[in-house]
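A.B. asks: Input file: target-v6.txt. Contents: compact mmCIF, C-alpha atoms.
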# COMPACT_ATOMS: atom_id res chain seq x y z
CA LYS Y 1 -17.27 66.19 61.79
CA HIS Y 2 -19.99 64.56 59.67
CA ASN Y 3 -17.48 62.54 57.59
CA PHE Y 4 -15.74 61.41 60.78
CA MET Y 5 -19.04 59.94 62.04
CA VAL Y 6 -19.57 58.13 58.75
CA GLU Y 7 -16.05 56.69 58.91
CA LEU Y 8 -16.63 55.50 62.50
CA PHE Y 9 -19.91 53.86 61.46
CA LEU Y 10 -18.25 52.14 58.48
CA ALA Y 11 -15.25 50.94 60.51
CA ASP Y 12 -17.64 49.43 63.08
CA TYR Y 13 -19.79 47.95 60.31
CA ASP Y 14 -16.70 46.34 58.72
CA LYS Y 15 -15.77 44.72 62.06
CA ARG Y 16 -19.27 43.34 62.52
CA HIS Y 17 -19.51 42.10 58.91
CA PRO Y 18 -16.14 40.60 57.96
CA ILE Y 19 -15.64 39.39 54.39
CA SER Y 20 -15.60 35.58 54.48
CA ASP Y 21 -13.07 33.41 52.69
CA SER Y 22 -15.90 31.78 50.75
CA ALA Y 23 -17.15 35.20 49.56
CA LEU Y 24 -13.62 36.04 48.39
CA LYS Y 25 -13.29 32.72 46.54
CA THR Y 26 -16.73 33.19 44.94
CA GLU Y 27 -15.79 36.69 43.75
CA TYR Y 28 -12.43 35.42 42.40
CA ASP Y 29 -14.19 32.63 40.47
CA ARG Y 30 -16.82 35.08 39.17
CA GLN Y 31 -14.19 37.49 37.85
CA ILE Y 32 -12.06 34.75 36.26
CA THR Y 33 -15.14 33.24 34.58
CA ALA Y 34 -16.21 36.68 33.32
CA ILE Y 35 -12.79 37.18 31.69
CA GLY Y 36 -12.88 33.76 29.99
CA ASP Y 37 -10.21 31.24 29.05
CA SER Y 38 -9.45 32.53 25.58
CA ALA Y 39 -8.97 36.16 26.59
CA TYR Y 40 -6.01 38.20 25.46
CA GLU Y 41 -4.45 41.14 27.20
CA TYR Y 42 -2.79 44.00 25.42
CA ARG Y 43 0.19 46.21 26.27
CA LEU Y 44 -0.68 49.64 24.94
CA SER Y 45 0.83 53.06 24.53
CA HIS Y 46 -1.09 56.19 23.68
CA ILE Y 47 -0.81 59.86 22.91
CA VAL Y 48 -3.74 62.01 24.05
CA THR Y 49 -4.33 65.45 22.56
CA LYS Y 50 -7.00 68.11 22.91
CA THR Y 51 -7.80 68.29 19.19
CA GLU Y 52 -8.03 65.88 16.29
CA ALA Y 53 -5.53 68.03 14.36
CA ASP Y 54 -2.94 67.66 17.16
CA ALA Y 55 -3.53 63.89 17.19
CA ARG Y 56 -3.09 63.67 13.42
CA ASN Y 57 0.16 65.70 13.69
CA ALA Y 58 1.46 63.29 16.35
CA MET Y 59 0.56 60.32 14.12
CA ALA Y 60 2.34 61.91 11.17
CA ARG Y 61 5.50 62.35 13.27
CA VAL Y 62 5.47 58.66 14.22
CA LYS Y 63 4.82 57.60 10.60
CA LYS Y 64 7.83 59.70 9.49
CA GLY Y 65 10.02 57.65 11.83
CA GLU Y 66 10.01 59.43 15.19
CA VAL Y 67 9.89 57.10 18.18
CA PHE Y 68 6.34 56.80 19.57
CA SER Y 69 7.45 57.30 23.18
CA LYS Y 70 9.32 60.51 22.29
CA VAL Y 71 6.27 61.93 20.48
CA ALA Y 72 4.12 60.95 23.47
CA LYS Y 73 6.46 62.84 25.83
CA ASP Y 74 6.31 65.92 23.57
CA ALA Y 75 2.67 65.97 22.50
CA SER Y 76 0.49 64.04 24.97
CA ILE Y 77 -1.62 65.82 27.59
CA ASP Y 78 -2.11 62.55 29.54
CA PRO Y 79 -0.15 61.85 32.77
CA SER Y 80 1.32 58.79 30.98
CA ALA Y 81 3.30 61.19 28.74
CA LYS Y 82 6.16 61.20 31.26
CA ASP Y 83 6.46 57.41 30.71
CA GLY Y 84 6.33 57.71 26.93
CA GLY Y 85 2.59 57.04 26.84
CA THR Y 86 2.78 53.50 28.16
CA LEU Y 87 -0.39 52.09 29.73
CA GLY Y 88 0.83 48.61 30.64
CA TRP Y 89 -1.12 45.37 30.22
CA LEU Y 90 -4.91 45.66 29.92
CA LEU Y 91 -7.82 43.36 29.21
CA PRO Y 92 -10.39 44.59 26.66
CA SER Y 93 -12.90 45.07 29.52
CA GLN Y 94 -10.49 47.56 31.13
CA ILE Y 95 -10.29 49.69 27.97
CA VAL Y 96 -12.82 52.29 26.76
CA PRO Y 97 -15.02 50.38 24.23
CA ALA Y 98 -14.22 52.73 21.32
CA ILE Y 99 -10.52 51.93 21.81
CA ALA Y 100 -10.93 48.23 22.69
CA ASN Y 101 -12.77 47.64 19.39
CA VAL Y 102 -9.73 48.98 17.51
CA VAL Y 103 -7.01 47.39 19.68
CA VAL Y 104 -8.25 43.81 19.21
CA ASN Y 105 -7.70 44.17 15.45
CA LEU Y 106 -4.19 45.70 15.58
CA THR Y 107 -1.00 43.75 15.02
CA GLU Y 108 1.88 44.07 17.49
CA GLY Y 109 3.75 47.31 16.90
CA GLY Y 110 0.79 48.65 14.92
CA MET Y 111 -0.84 52.01 15.38
CA ALA Y 112 -4.57 52.71 14.95
CA ALA Y 113 -5.31 54.07 11.45
CA ALA Y 114 -6.93 57.23 12.83
CA PRO Y 115 -7.18 59.10 16.14
CA ILE Y 116 -10.04 57.96 18.38
CA GLU Y 117 -12.21 60.53 20.16
CA THR Y 118 -12.81 59.79 23.86
CA PRO Y 119 -14.08 61.94 26.75
CA GLY Y 120 -10.43 62.52 27.74
CA GLY Y 121 -9.33 63.76 24.33
CA TRP Y 122 -8.19 62.43 20.97
CA GLN Y 123 -6.19 59.22 21.30
CA VAL Y 124 -3.43 57.83 19.11
CA ILE Y 125 -3.16 54.16 20.09
CA ARG Y 126 -0.27 51.76 19.54
CA LEU Y 127 -0.35 48.05 20.37
CA GLU Y 128 3.05 47.12 21.78
CA GLU Y 129 2.35 43.44 22.55
CA LYS Y 130 -0.49 40.95 22.85
CA ARG Y 131 -0.52 37.79 24.97
CA GLN Y 132 -2.87 35.12 26.24
CA PHE Y 133 -4.37 36.21 29.55
CA LYS Y 134 -3.06 34.18 32.47
CA ALA Y 135 -5.26 34.46 35.54
CA PRO Y 136 -3.45 35.66 38.67
CA LYS Y 137 -3.29 33.26 41.61
CA PHE Y 138 -6.04 33.69 44.21
CA ASP Y 139 -3.53 34.62 46.94
CA ASP Y 140 -1.92 37.29 44.74
CA VAL Y 141 -5.18 39.22 44.30
CA LEU Y 142 -6.64 38.78 47.81
CA PRO Y 143 -6.08 42.44 48.83
CA GLN Y 144 -7.83 43.75 45.68
CA LEU Y 145 -10.70 41.25 46.05
CA ARG Y 146 -11.16 42.11 49.74
CA GLY Y 147 -11.07 45.85 48.96
CA GLY Y 148 -13.64 45.49 46.18
CA LEU Y 149 -16.03 43.43 48.30
CA LEU Y 150 -15.58 45.76 51.27
CA GLN Y 151 -16.45 48.78 49.10
CA GLN Y 152 -19.51 46.97 47.73
CA GLN Y 153 -20.62 46.01 51.26
CA ARG Y 154 -20.18 49.59 52.51
CA LEU Y 155 -22.26 51.01 49.63
CA GLU Y 156 -25.06 48.55 50.40
CA ALA Y 157 -24.95 49.48 54.12
CA ILE Y 158 -25.19 53.21 53.32
CA LYS Y 159 -28.04 52.55 50.86
CA LYS Y 160 -29.98 50.63 53.56
CA LEU Y 161 -29.42 53.46 56.05
CA ARG Y 162 -30.72 56.02 53.56
CA GLU Y 163 -33.78 53.92 52.80
CA ALA Y 164 -34.51 53.51 56.53
CA ALA Y 165 -33.93 57.18 57.37
CA LYS Y 166 -36.88 59.48 57.78
CA VAL Y 167 -36.13 62.89 56.34
CA THR Y 168 -38.00 65.75 57.97
CA ASN Y 169 -38.13 69.35 56.96
CA SER Y 170 -37.78 71.56 60.02
CA LEU Y 171 -38.00 75.18 59.01
Just give me the structure of the file as structure tokens.

C.D. replies:
Amino acid sequence: KHNFMVELFLADYDKRHPISDSALKTEYDRQITAIGDSAYEYRLSHIVTKTEADARNAMARVKKGEVFSKVAKDASIDPSAKDGGTLGWLLPSQIVPAIANVVVNLTEGGMAAAPIETPGGWQVIRLEEKRQFKAPKFDDVLPQLRGGLLQQQRLEAIKKLREAAKVTNSL
């Protein structure tokens, strides 16, 4: 019941505070500027294991000639295992810093020299391809921009409500 009331409040708030076209354009420009003109994006694959030893075993299998995607399907604990470990195209800002620092120095088809420890497990990273980042057209990312700004606006509204609320202890 409580969540239903919050949803009603937010739906009404959204109607009374629509996201303007100028706000969307400003956010688009901000994000494109933050990425920069000379940015590259990287198509990655990975194998995630629970232990460093498992990661090193997976690396050894690939180095001996096994196909990376097959080893990923066999050894990875990540949901991407079913797709052979593929992560798709990512900008460095979308990658965990410990991995991004390694990826930017790899050559296409190259694998990181050692497994990288992350909160999700030990990662064996392979750079499939690298290309110059091409900014998406404004119209193509409108739904994502609108969703992001809407979420931000909702969080600010809830924060203001909390700040204005008087909490009383009635025992």

A.B. asks: Which distance in Å separates CA of Lys160 in chain Y and CA of Phe4 in chain Y, to one decimal?

C.D. replies: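 Straight-line distance from CA of Lys160 in chain Y to CA of Phe4 in chain Y works out to 19.3 Å.
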
A.B. asks: Near range 135-151 of chain Y, counting only C-alpha atoms, which residues have an atom at most 9 Å away, once you skip same-chain residues fewer than 5 positions from it, shown as a list in words?

C.D. replies: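 The contact residues come out as Asp14, Pro18, Ile19, Ala23, Leu24, Lys25, Glu27, Tyr28, Ile32, Ile35, Asp37 and Glu156 of chain Y.
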
A.B. asks: Calculated over all atoms listed in the file, which of the candidates Y:Thr51, Y:Ser45, Y:Asn105, Y:Thr26 has the smallest distance to Gly84 in chain Y?

C.D. replies: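 Ranked by minimum distance to Gly84 in chain Y, first place goes to Y:Ser45.
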
A.B. asks: Could you check how far CA of Lys82 in chain Y sits from CA of Lys70 in chain Y, in Å to one decimal?

C.D. replies: 9.5 Å

A.B. asks: Would you mind telling me which residue in Y:Ile47, Y:Ala34, Y:Ala39, Y:Ile99 lies nearest to Phe133 in chain Y when using all atoms listed in the file?

C.D. replies: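 Among Y:Ile47, Y:Ala34, Y:Ala39, Y:Ile99, it is Y:Ala39 that comes nearest to Phe133 in chain Y.
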
A.B. asks: Report, in Å to a single decimal, how far apart CA of Ser20 in chain Y and CA of Met5 in chain Y are.

C.D. replies: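 Between CA of Met5 in chain Y and CA of Ser20 in chain Y the gap is 25.7 Å.
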
A.B. asks: Which residue out of Y:Asn3, Y:Phe9, Y:Leu127, Y:Leu90 has the minimum interatomic distance to Leu161 in chain Y when all atoms listed in the file are used?

C.D. replies: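 Residue with the minimum atom-to-atom distance to Leu161 in chain Y: Y:Phe9.
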
A.B. asks: Find the residue from Y:Arg43, Y:Arg56, Y:Lys15, Y:Arg30 that sits nearest to Glu117 in chain Y; use only C-alpha atoms when measuring.

C.D. replies: Y:Arg56

A.B. asks: Go through Y:Val104, Y:Ile158, Y:Val124, Y:Met59 and flag the residue nearest Glu7 in chain Y, using all atoms listed in the file for the distances.

C.D. replies: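 Comparing Y:Val104, Y:Ile158, Y:Val124, Y:Met59 against Glu7 in chain Y, the winner is Y:Ile158.
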
A.B. asks: Since the input is missing atoms for range 106-123 of chain Y, could you rebuild it with N, CA, C and O atoms and give the result as a PDB file, in the coordinates of the input?

C.D. replies:
ATOM      1  N   LEU Y 106      -5.538  45.220  15.929  1.00  0.00           N
ATOM      2  CA  LEU Y 106      -4.190  45.700  15.580  1.00  0.00           C
ATOM      3  C   LEU Y 106      -3.177  44.555  15.655  1.00  0.00           C
ATOM      4  O   LEU Y 106      -3.359  43.605  16.413  1.00  0.00           O
ATOM      5  N   THR Y 107      -2.107  44.694  14.891  1.00  0.00           N
ATOM      6  CA  THR Y 107      -1.000  43.750  15.020  1.00  0.00           C
ATOM      7  C   THR Y 107       0.042  44.380  15.941  1.00  0.00           C
ATOM      8  O   THR Y 107       0.081  45.610  16.092  1.00  0.00           O
ATOM      9  N   GLU Y 108       0.870  43.556  16.557  1.00  0.00           N
ATOM     10  CA  GLU Y 108       1.880  44.070  17.490  1.00  0.00           C
ATOM     11  C   GLU Y 108       2.752  45.100  16.797  1.00  0.00           C
ATOM     12  O   GLU Y 108       3.204  44.892  15.677  1.00  0.00           O
ATOM     13  N   GLY Y 109       2.967  46.230  17.468  1.00  0.00           N
ATOM     14  CA  GLY Y 109       3.750  47.310  16.900  1.00  0.00           C
ATOM     15  C   GLY Y 109       2.926  48.233  16.009  1.00  0.00           C
ATOM     16  O   GLY Y 109       3.410  49.248  15.542  1.00  0.00           O
ATOM     17  N   GLY Y 110       1.663  47.881  15.804  1.00  0.00           N
ATOM     18  CA  GLY Y 110       0.790  48.650  14.920  1.00  0.00           C
ATOM     19  C   GLY Y 110       0.105  49.801  15.638  1.00  0.00           C
ATOM     20  O   GLY Y 110      -0.141  49.756  16.837  1.00  0.00           O
ATOM     21  N   MET Y 111      -0.175  50.825  14.857  1.00  0.00           N
ATOM     22  CA  MET Y 111      -0.840  52.010  15.380  1.00  0.00           C
ATOM     23  C   MET Y 111      -2.235  52.077  14.737  1.00  0.00           C
ATOM     24  O   MET Y 111      -2.400  51.706  13.577  1.00  0.00           O
ATOM     25  N   ALA Y 112      -3.224  52.543  15.491  1.00  0.00           N
ATOM     26  CA  ALA Y 112      -4.570  52.710  14.950  1.00  0.00           C
ATOM     27  C   ALA Y 112      -4.497  53.606  13.711  1.00  0.00           C
ATOM     28  O   ALA Y 112      -3.696  54.543  13.663  1.00  0.00           O
ATOM     29  N   ALA Y 113      -5.346  53.337  12.724  1.00  0.00           N
ATOM     30  CA  ALA Y 113      -5.310  54.070  11.450  1.00  0.00           C
ATOM     31  C   ALA Y 113      -5.688  55.539  11.600  1.00  0.00           C
ATOM     32  O   ALA Y 113      -5.257  56.373  10.812  1.00  0.00           O
ATOM     33  N   ALA Y 114      -6.489  55.845  12.626  1.00  0.00           N
ATOM     34  CA  ALA Y 114      -6.930  57.230  12.830  1.00  0.00           C
ATOM     35  C   ALA Y 114      -7.044  57.493  14.328  1.00  0.00           C
ATOM     36  O   ALA Y 114      -7.197  56.565  15.116  1.00  0.00           O
ATOM     37  N   PRO Y 115      -6.973  58.767  14.726  1.00  0.00           N
ATOM     38  CA  PRO Y 115      -7.180  59.100  16.140  1.00  0.00           C
ATOM     39  C   PRO Y 115      -8.601  58.725  16.567  1.00  0.00           C
ATOM     40  O   PRO Y 115      -9.522  58.761  15.755  1.00  0.00           O
ATOM     41  N   ILE Y 116      -8.744  58.364  17.840  1.00  0.00           N
ATOM     42  CA  ILE Y 116     -10.040  57.960  18.380  1.00  0.00           C
ATOM     43  C   ILE Y 116     -10.478  59.003  19.403  1.00  0.00           C
ATOM     44  O   ILE Y 116      -9.733  59.316  20.334  1.00  0.00           O
ATOM     45  N   GLU Y 117     -11.692  59.520  19.226  1.00  0.00           N
ATOM     46  CA  GLU Y 117     -12.210  60.530  20.160  1.00  0.00           C
ATOM     47  C   GLU Y 117     -12.769  59.844  21.402  1.00  0.00           C
ATOM     48  O   GLU Y 117     -13.560  58.906  21.299  1.00  0.00           O
ATOM     49  N   THR Y 118     -12.324  60.294  22.571  1.00  0.00           N
ATOM     50  CA  THR Y 118     -12.810  59.790  23.860  1.00  0.00           C
ATOM     51  C   THR Y 118     -13.114  61.010  24.741  1.00  0.00           C
ATOM     52  O   THR Y 118     -12.686  62.122  24.424  1.00  0.00           O
ATOM     53  N   PRO Y 119     -13.812  60.806  25.856  1.00  0.00           N
ATOM     54  CA  PRO Y 119     -14.080  61.940  26.750  1.00  0.00           C
ATOM     55  C   PRO Y 119     -12.805  62.656  27.221  1.00  0.00           C
ATOM     56  O   PRO Y 119     -12.825  63.841  27.490  1.00  0.00           O
ATOM     57  N   GLY Y 120     -11.688  61.927  27.284  1.00  0.00           N
ATOM     58  CA  GLY Y 120     -10.430  62.520  27.740  1.00  0.00           C
ATOM     59  C   GLY Y 120      -9.629  63.229  26.673  1.00  0.00           C
ATOM     60  O   GLY Y 120      -8.601  63.830  26.956  1.00  0.00           O
ATOM     61  N   GLY Y 121     -10.060  63.135  25.426  1.00  0.00           N
ATOM     62  CA  GLY Y 121      -9.330  63.760  24.330  1.00  0.00           C
ATOM     63  C   GLY Y 121      -9.221  62.818  23.141  1.00  0.00           C
ATOM     64  O   GLY Y 121      -9.833  61.758  23.103  1.00  0.00           O
ATOM     65  N   TRP Y 122      -8.427  63.237  22.162  1.00  0.00           N
ATOM     66  CA  TRP Y 122      -8.190  62.430  20.970  1.00  0.00           C
ATOM     67  C   TRP Y 122      -7.011  61.506  21.220  1.00  0.00           C
ATOM     68  O   TRP Y 122      -5.939  61.961  21.628  1.00  0.00           O
ATOM     69  N   GLN Y 123      -7.200  60.218  20.965  1.00  0.00           N
ATOM     70  CA  GLN Y 123      -6.190  59.220  21.300  1.00  0.00           C
ATOM     71  C   GLN Y 123      -5.547  58.601  20.064  1.00  0.00           C
ATOM     72  O   GLN Y 123      -6.238  58.184  19.139  1.00  0.00           O
TER      73      GLN Y 123
END
